[in-house]
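**Student:** input26.cif is reproduced below (mmCIF, C-alpha atoms).
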data_work
#
loop_
_atom_site.group_PDB
_atom_site.id
_atom_site.type_symbol
_atom_site.label_atom_id
_atom_site.label_comp_id
_atom_site.auth_asym_id
_atom_site.auth_seq_id
_atom_site.Cartn_x
_atom_site.Cartn_y
_atom_site.Cartn_z
ATOM 1 C CA MET A 1 11.142 -272.425 -250.448
ATOM 2 C CA ALA A 2 9.794 -270.481 -247.462
ATOM 3 C CA ASP A 3 9.312 -266.753 -247.700
ATOM 4 C CA PRO A 4 12.238 -265.156 -245.780
ATOM 5 C CA ILE A 5 9.910 -262.761 -243.959
ATOM 6 C CA GLU A 6 8.278 -265.742 -242.249
ATOM 7 C CA ARG A 7 11.574 -266.625 -240.572
ATOM 8 C CA PHE A 8 12.494 -263.054 -239.624
ATOM 9 C CA PRO A 9 12.738 -263.097 -235.797
ATOM 10 C CA LEU A 10 10.488 -260.538 -234.095
ATOM 11 C CA PHE A 11 10.936 -258.923 -230.711
ATOM 12 C CA PRO A 12 7.748 -257.248 -229.413
ATOM 13 C CA LEU A 13 8.673 -254.498 -226.953
ATOM 14 C CA GLY A 14 7.193 -251.447 -225.296
ATOM 15 C CA LEU A 15 9.249 -249.187 -227.527
ATOM 16 C CA VAL A 16 9.365 -247.976 -231.103
ATOM 17 C CA LEU A 17 12.693 -248.189 -232.853
ATOM 18 C CA ILE A 18 13.377 -246.080 -235.943
ATOM 19 C CA PRO A 19 16.259 -246.278 -238.439
ATOM 20 C CA HIS A 20 19.593 -244.892 -237.144
ATOM 21 C CA GLU A 21 18.376 -244.881 -233.521
ATOM 22 C CA LEU A 22 20.614 -246.579 -230.942
ATOM 23 C CA VAL A 23 18.863 -248.282 -228.013
ATOM 24 C CA PRO A 24 20.310 -250.380 -225.161
ATOM 25 C CA LEU A 25 18.486 -253.641 -224.372
ATOM 26 C CA HIS A 26 18.793 -256.129 -221.524
ATOM 27 C CA ILE A 27 18.092 -259.618 -222.875
ATOM 28 C CA PHE A 28 16.957 -261.987 -220.125
ATOM 29 C CA GLU A 29 14.129 -264.225 -221.400
ATOM 30 C CA GLU A 30 15.287 -267.594 -222.713
ATOM 31 C CA ARG A 31 13.624 -267.289 -226.126
ATOM 32 C CA TYR A 32 15.157 -263.851 -226.705
ATOM 33 C CA LYS A 33 18.591 -264.950 -225.442
ATOM 34 C CA LEU A 34 18.418 -267.709 -228.082
ATOM 35 C CA MET A 35 17.154 -265.324 -230.785
ATOM 36 C CA ILE A 36 19.832 -262.692 -230.135
ATOM 37 C CA GLY A 37 22.488 -265.417 -229.893
ATOM 38 C CA GLU A 38 21.504 -266.684 -233.353
ATOM 39 C CA CYS A 39 21.491 -263.134 -234.753
ATOM 40 C CA LEU A 40 24.990 -262.585 -233.350
ATOM 41 C CA ASP A 41 26.262 -265.918 -234.731
ATOM 42 C CA GLN A 42 24.765 -265.309 -238.174
ATOM 43 C CA GLU A 43 25.335 -261.524 -238.149
ATOM 44 C CA SER A 44 21.670 -261.177 -239.051
ATOM 45 C CA GLU A 45 18.979 -258.697 -238.163
ATOM 46 C CA PHE A 46 15.782 -259.058 -236.187
ATOM 47 C CA GLY A 47 12.645 -256.978 -235.958
ATOM 48 C CA ILE A 48 11.391 -254.720 -233.180
ATOM 49 C CA VAL A 49 7.617 -254.281 -233.103
ATOM 50 C CA TRP A 50 5.859 -251.913 -230.695
ATOM 51 C CA LEU A 51 3.614 -253.744 -228.232
ATOM 52 C CA SER A 52 1.393 -250.774 -227.372
ATOM 53 C CA ASP A 53 -1.580 -250.641 -224.998
ATOM 54 C CA ASP A 54 -3.888 -251.312 -227.950
ATOM 55 C CA GLY A 55 -1.896 -254.282 -229.280
ATOM 56 C CA LEU A 56 1.003 -255.243 -231.485
ATOM 57 C CA LYS A 57 1.661 -252.881 -234.379
ATOM 58 C CA GLU A 58 1.915 -254.235 -237.919
ATOM 59 C CA ILE A 59 4.895 -252.132 -238.964
ATOM 60 C CA GLY A 60 8.161 -252.281 -237.105
ATOM 61 C CA CYS A 61 11.844 -251.638 -237.639
ATOM 62 C CA SER A 62 14.663 -254.043 -238.412
ATOM 63 C CA ALA A 63 17.550 -253.925 -235.965
ATOM 64 C CA ARG A 64 21.082 -255.154 -235.746
ATOM 65 C CA VAL A 65 23.221 -255.673 -232.671
ATOM 66 C CA SER A 66 25.660 -252.791 -232.797
ATOM 67 C CA LYS A 67 27.610 -253.865 -229.710
ATOM 68 C CA VAL A 68 27.493 -256.462 -226.951
ATOM 69 C CA LEU A 69 27.952 -254.383 -223.821
ATOM 70 C CA GLU A 70 27.979 -257.189 -221.262
ATOM 71 C CA ARG A 71 27.551 -260.989 -221.132
ATOM 72 C CA PHE A 72 26.392 -262.683 -217.945
ATOM 73 C CA GLU A 73 27.156 -266.281 -216.898
ATOM 74 C CA ASP A 74 23.449 -267.223 -217.122
ATOM 75 C CA GLY A 75 23.282 -266.124 -220.777
ATOM 76 C CA ARG A 76 21.723 -262.704 -220.189
ATOM 77 C CA LEU A 77 23.077 -259.904 -222.338
ATOM 78 C CA ASN A 78 23.247 -256.153 -222.328
ATOM 79 C CA ILE A 79 23.384 -255.054 -225.955
ATOM 80 C CA LEU A 80 23.211 -251.891 -228.003
ATOM 81 C CA ILE A 81 20.988 -252.178 -231.069
ATOM 82 C CA GLU A 82 20.649 -249.886 -234.060
ATOM 83 C CA GLY A 83 17.518 -249.473 -236.134
ATOM 84 C CA THR A 84 18.103 -250.183 -239.814
ATOM 85 C CA THR A 85 14.929 -250.122 -241.951
ATOM 86 C CA PRO A 86 11.184 -250.281 -241.390
ATOM 87 C CA PHE A 87 9.569 -253.593 -242.245
ATOM 88 C CA GLN A 88 8.571 -253.345 -245.859
ATOM 89 C CA PRO A 89 5.171 -254.968 -246.401
ATOM 90 C CA LEU A 90 4.521 -251.809 -248.390
ATOM 91 C CA GLU A 91 7.199 -250.174 -250.469
ATOM 92 C CA ASP A 92 8.132 -246.567 -249.768
ATOM 93 C CA ASP A 93 7.155 -244.051 -252.388
ATOM 94 C CA LEU A 94 10.269 -242.766 -254.110
ATOM 95 C CA GLN A 95 11.342 -239.232 -253.300
ATOM 96 C CA ALA A 96 9.751 -236.817 -255.718
ATOM 97 C CA PRO A 97 11.542 -233.728 -257.084
ATOM 98 C CA ASP A 98 9.044 -231.494 -255.257
ATOM 99 C CA ASP A 99 10.187 -232.886 -251.878
ATOM 100 C CA GLU A 100 12.882 -230.189 -251.570
ATOM 101 C CA PRO A 101 10.625 -227.661 -249.760
ATOM 102 C CA ALA A 102 9.632 -230.352 -247.235
ATOM 103 C CA ILE A 103 13.272 -231.340 -246.718
ATOM 104 C CA ALA A 104 14.365 -227.728 -246.270
ATOM 105 C CA ALA A 105 11.515 -226.911 -243.855
ATOM 106 C CA ALA A 106 12.084 -229.996 -241.682
ATOM 107 C CA ARG A 107 15.852 -229.494 -241.550
ATOM 108 C CA LYS A 108 15.475 -225.812 -240.670
ATOM 109 C CA ARG A 109 12.973 -226.561 -237.895
ATOM 110 C CA TYR A 110 15.213 -229.387 -236.637
ATOM 111 C CA ALA A 111 18.249 -227.052 -236.586
ATOM 112 C CA ASP A 112 16.193 -224.397 -234.752
ATOM 113 C CA LEU A 113 15.144 -226.960 -232.148
ATOM 114 C CA VAL A 114 18.664 -228.332 -231.645
ATOM 115 C CA ALA A 115 20.039 -224.778 -231.361
ATOM 116 C CA GLU A 116 17.364 -223.863 -228.807
ATOM 117 C CA VAL A 117 18.122 -226.909 -226.655
ATOM 118 C CA THR A 118 21.929 -227.067 -226.992
ATOM 119 C CA ASP A 119 22.878 -223.483 -227.936
ATOM 120 C CA GLU A 120 24.719 -224.961 -230.953
ATOM 121 C CA ARG A 121 23.270 -225.102 -234.437
ATOM 122 C CA PRO A 122 24.065 -228.245 -236.480
ATOM 123 C CA GLU A 123 26.641 -227.767 -239.236
ATOM 124 C CA PRO A 124 25.053 -227.480 -242.713
ATOM 125 C CA GLY A 125 27.038 -230.476 -243.992
ATOM 126 C CA GLU A 126 25.879 -232.698 -241.142
ATOM 127 C CA LEU A 127 22.317 -231.425 -241.511
ATOM 128 C CA ALA A 128 22.316 -232.258 -245.233
ATOM 129 C CA LYS A 129 23.057 -235.919 -244.418
ATOM 130 C CA LEU A 130 19.968 -236.339 -242.230
ATOM 131 C CA ASP A 131 16.741 -237.801 -243.549
ATOM 132 C CA ALA A 132 13.525 -237.858 -241.501
ATOM 133 C CA TYR A 133 14.580 -240.951 -239.562
ATOM 134 C CA GLY A 134 18.031 -239.508 -238.898
ATOM 135 C CA MET A 135 16.577 -236.338 -237.395
ATOM 136 C CA ALA A 136 14.023 -238.196 -235.282
ATOM 137 C CA ALA A 137 16.626 -240.674 -234.022
ATOM 138 C CA THR A 138 18.633 -237.890 -232.367
ATOM 139 C CA LEU A 139 15.690 -236.525 -230.386
ATOM 140 C CA ASP A 140 13.358 -237.886 -227.735
ATOM 141 C CA VAL A 141 10.270 -238.420 -229.891
ATOM 142 C CA ALA A 142 7.076 -239.904 -228.402
ATOM 143 C CA LEU A 143 6.404 -243.573 -229.162
ATOM 144 C CA ASP A 144 3.187 -242.918 -231.072
ATOM 145 C CA ALA A 145 4.932 -240.278 -233.203
ATOM 146 C CA LYS A 146 7.796 -242.674 -234.002
ATOM 147 C CA GLN A 147 5.303 -245.397 -234.912
ATOM 148 C CA MET A 148 3.541 -242.940 -237.220
ATOM 149 C CA LEU A 149 6.886 -242.245 -238.943
ATOM 150 C CA LEU A 150 7.359 -245.965 -239.558
ATOM 151 C CA GLU A 151 3.891 -246.264 -241.043
ATOM 152 C CA LEU A 152 4.209 -243.299 -243.416
ATOM 153 C CA ARG A 153 5.272 -244.539 -246.824
ATOM 154 C CA SER A 154 6.892 -241.424 -248.274
ATOM 155 C CA GLU A 155 9.842 -239.361 -247.092
ATOM 156 C CA ARG A 156 7.929 -236.147 -247.793
ATOM 157 C CA ASP A 157 5.096 -237.257 -245.487
ATOM 158 C CA ARG A 158 7.627 -238.154 -242.780
ATOM 159 C CA LEU A 159 9.406 -234.799 -243.183
ATOM 160 C CA GLU A 160 6.140 -232.854 -243.019
ATOM 161 C CA GLN A 161 5.097 -234.787 -239.909
ATOM 162 C CA LEU A 162 8.441 -234.090 -238.247
ATOM 163 C CA GLU A 163 8.423 -230.416 -239.165
ATOM 164 C CA GLY A 164 5.115 -230.090 -237.306
ATOM 165 C CA LEU A 165 6.404 -232.037 -234.295
ATOM 166 C CA PHE A 166 9.569 -229.929 -234.165
ATOM 167 C CA ALA A 167 7.533 -226.710 -234.407
ATOM 168 C CA GLU A 168 5.318 -227.824 -231.491
ATOM 169 C CA ALA A 169 8.332 -228.780 -229.371
ATOM 170 C CA LEU A 170 10.043 -225.472 -230.116
ATOM 171 C CA GLY A 171 6.878 -223.594 -229.149
ATOM 172 C CA ARG A 172 6.630 -225.506 -225.850
ATOM 173 C CA ILE A 173 10.291 -224.830 -225.020
ATOM 174 C CA ARG A 174 9.985 -221.116 -225.754
ATOM 175 C CA HIS A 175 6.757 -220.899 -223.742
ATOM 176 C CA ALA A 176 8.486 -222.581 -220.783
ATOM 177 C CA GLU A 177 11.409 -220.146 -221.067
ATOM 178 C CA ARG A 178 9.037 -217.153 -221.022
ATOM 179 C CA ALA A 179 7.254 -218.591 -217.993
ATOM 180 C CA ALA A 180 10.583 -219.043 -216.216
ATOM 181 C CA GLU A 181 11.493 -215.424 -216.981
ATOM 182 C CA ARG A 182 8.153 -214.254 -215.565
ATOM 183 C CA ALA A 183 8.680 -216.305 -212.419
ATOM 184 C CA GLN A 184 12.073 -214.690 -211.858
ATOM 185 C CA GLY A 185 10.575 -211.248 -212.251
ATOM 186 C CA ASN A 186 7.588 -211.841 -209.934
ATOM 187 C CA GLY A 187 5.248 -212.234 -212.875
ATOM 188 C CA SER A 188 6.189 -209.201 -214.936
ATOM 189 C CA LEU A 189 8.449 -209.080 -217.932
ATOM 190 C CA LYS A 190 10.699 -206.118 -218.484
ATOM 191 C CA GLY A 191 11.429 -204.865 -221.887
#
Please render this file's structure as structure tokens.

**Tutor:**
Amino acid sequence: MADPIERFPLFPLGLVLIPHELVPLHIFEERYKLMIGECLDQESEFGIVWLSDDGLKEIGCSARVSKVLERFEDGRLNILIEGTTPFQPLEDDLQAPDDEPAIAAARKRYADLVAEVTDERPEPGELAKLDAYGMAATLDVALDAKQMLLELRSERDRLEQLEGLFAEALGRIRHAERAAERAQGNGSLKG
């Protein structure tokens, strides 16, 4: 019997998909129209692997078609896919009891960033449901950073990585706001 991973259809793309992330795709190449058609018929998943400038990455993310947005007469499709789980050639380390500080720090920094950008802080209940992938999926995270998240094998490592990314983004936003204030005041800040 063949190993199921050998038959898992792969879709190399110039993007990194992470669990919970929703991404629209336009399917136009014959081989991918066939692949997505089979996945729809069998209600099965396929894999997205980042085809970066330095080659195809070894770790990707499984995806499922969340919705068919549009079907064209020539077989092309516009679909919405959702990331499900990273490919698992290596098993994730189980969450350790000492992960709580990492979880709290990442969620706080995430909430700070969302509040800074939207002027609304996430509700504690909603925040408590988010893991590292869930937080990253709601923000515009750079491709190399998302790939790094897929490659990290423990939730604590992913949370610590995200906390740092969120802190950097928050710092850049606040710096830009201060610069905008200076520009409005001809270069001098009052106060």

**Student:** Evaluate the PyMOL selection byres ((chain A and resi 144) around 12) on the structure here and hand back the selected residues as a PDB file with C-alpha atoms, keeping the file's coordinate frame.

**Tutor:**
ATOM      1  CA  GLY A  14       7.193-251.447-225.296  1.00  0.00           C
ATOM      2  CA  LEU A  15       9.249-249.187-227.527  1.00  0.00           C
ATOM      3  CA  VAL A  16       9.365-247.976-231.103  1.00  0.00           C
ATOM      4  CA  LEU A  17      12.693-248.189-232.853  1.00  0.00           C
ATOM      5  CA  ILE A  18      13.377-246.080-235.943  1.00  0.00           C
ATOM      6  CA  TRP A  50       5.859-251.913-230.695  1.00  0.00           C
ATOM      7  CA  LEU A  51       3.614-253.744-228.232  1.00  0.00           C
ATOM      8  CA  SER A  52       1.393-250.774-227.372  1.00  0.00           C
ATOM      9  CA  ASP A  53      -1.580-250.641-224.998  1.00  0.00           C
ATOM     10  CA  ASP A  54      -3.888-251.312-227.950  1.00  0.00           C
ATOM     11  CA  LYS A  57       1.661-252.881-234.379  1.00  0.00           C
ATOM     12  CA  ASP A 140      13.358-237.886-227.735  1.00  0.00           C
ATOM     13  CA  VAL A 141      10.270-238.420-229.891  1.00  0.00           C
ATOM     14  CA  ALA A 142       7.076-239.904-228.402  1.00  0.00           C
ATOM     15  CA  LEU A 143       6.404-243.573-229.162  1.00  0.00           C
ATOM     16  CA  ALA A 145       4.932-240.278-233.203  1.00  0.00           C
ATOM     17  CA  LYS A 146       7.796-242.674-234.002  1.00  0.00           C
ATOM     18  CA  GLN A 147       5.303-245.397-234.912  1.00  0.00           C
ATOM     19  CA  MET A 148       3.541-242.940-237.220  1.00  0.00           C
ATOM     20  CA  LEU A 149       6.886-242.245-238.943  1.00  0.00           C
ATOM     21  CA  LEU A 150       7.359-245.965-239.558  1.00  0.00           C
ATOM     22  CA  GLU A 151       3.891-246.264-241.043  1.00  0.00           C
ATOM     23  CA  LEU A 165       6.404-232.037-234.295  1.00  0.00           C
TER      24      LEU A 165
END

**Student:** Grab the atom CA of A:Arg107 to atom CA of A:Ala63 distance for me, in Å with one decimal place.

**Tutor:** 25.1 Å

**Student:** Expand the PyMOL selection byres ((chain A and resi 29-42) around 8) into the explicit residue set it covers here, and present it as a PyMOL selection string.

**Tutor:** chain A and resi 9+11+27-28+43-46+65+75-77

**Student:** Work out how far apart atom CA of A:Ala102 and atom CA of A:Glu163 are and give it in Å to one decimal.

**Tutor:**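 Between atom CA of A:Ala102 and atom CA of A:Glu163 the gap works out to 8.2 Å.
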
**Student:** Go ahead and compute the interatomic distance for atom CA of A:Ala137 and atom CA of A:His20, in Å to one decimal.

**Tutor:** 6.0 Å

**Student:** Determine, using all atoms listed in the file, which residues of stretch 52-170 of chain A have any atom at most 12 Å from an atom of stretch 174-183 of chain A, and tabulate each with its shortest atom pair and distance in Å to one decimal place, rows ordered by chain and then rising number, as a Markdown table.

**Tutor:**
| residue | atom | partner | partner_atom | distance |
| --- | --- | --- | --- | --- |
| A:Asp112 | CA | A:Arg174 | CA | 11.4 |
| A:Leu113 | CA | A:Arg174 | CA | 10.1 |
| A:Glu116 | CA | A:Arg174 | CA | 8.4 |
| A:Val117 | CA | A:Arg174 | CA | 10.0 |
| A:Ala167 | CA | A:Arg174 | CA | 10.6 |
| A:Glu168 | CA | A:Arg174 | CA | 10.0 |
| A:Ala169 | CA | A:Arg174 | CA | 8.6 |
| A:Leu170 | CA | A:Arg174 | CA | 6.2 |

**Student:** For A:Leu159, which residue among A:Ile59, A:Ala128, A:Ala111, A:Ile103 is the nearest when counting only C-alpha atoms?

**Tutor:**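 The shortest atom-to-atom distance to A:Leu159 comes from A:Ile103.
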
**Student:** Exactly which residues make up the result of the PyMOL selection byres ((chain A and resi 127) around 12) on this file, given as a list of chain:residue names?

**Tutor:**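 With the PyMOL selection byres ((chain A and resi 127) around 12) on this model, the match is A:Ile103, A:Ala104, A:Ala105, A:Ala106, A:Arg107, A:Lys108, A:Arg109, A:Tyr110, A:Ala111, A:Asp112, A:Val114, A:Arg121, A:Pro122, A:Glu123, A:Pro124, A:Gly125, A:Glu126, A:Ala128, A:Lys129, A:Leu130, A:Asp131, A:Ala132, A:Gly134, A:Met135, A:Thr138.
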
**Student:** Kindly provide, as lines of an AutoDock Vina configuration file, the centre and edge lengths (Å, one decimal) of an axis-aligned box around all atoms of stretch 74-82 of chain A given in the file, with 5 Å on each side.

**Tutor:**
center_x = 22.0
center_y = -258.6
center_z = -225.6
size_x = 12.8
size_y = 27.3
size_z = 26.9
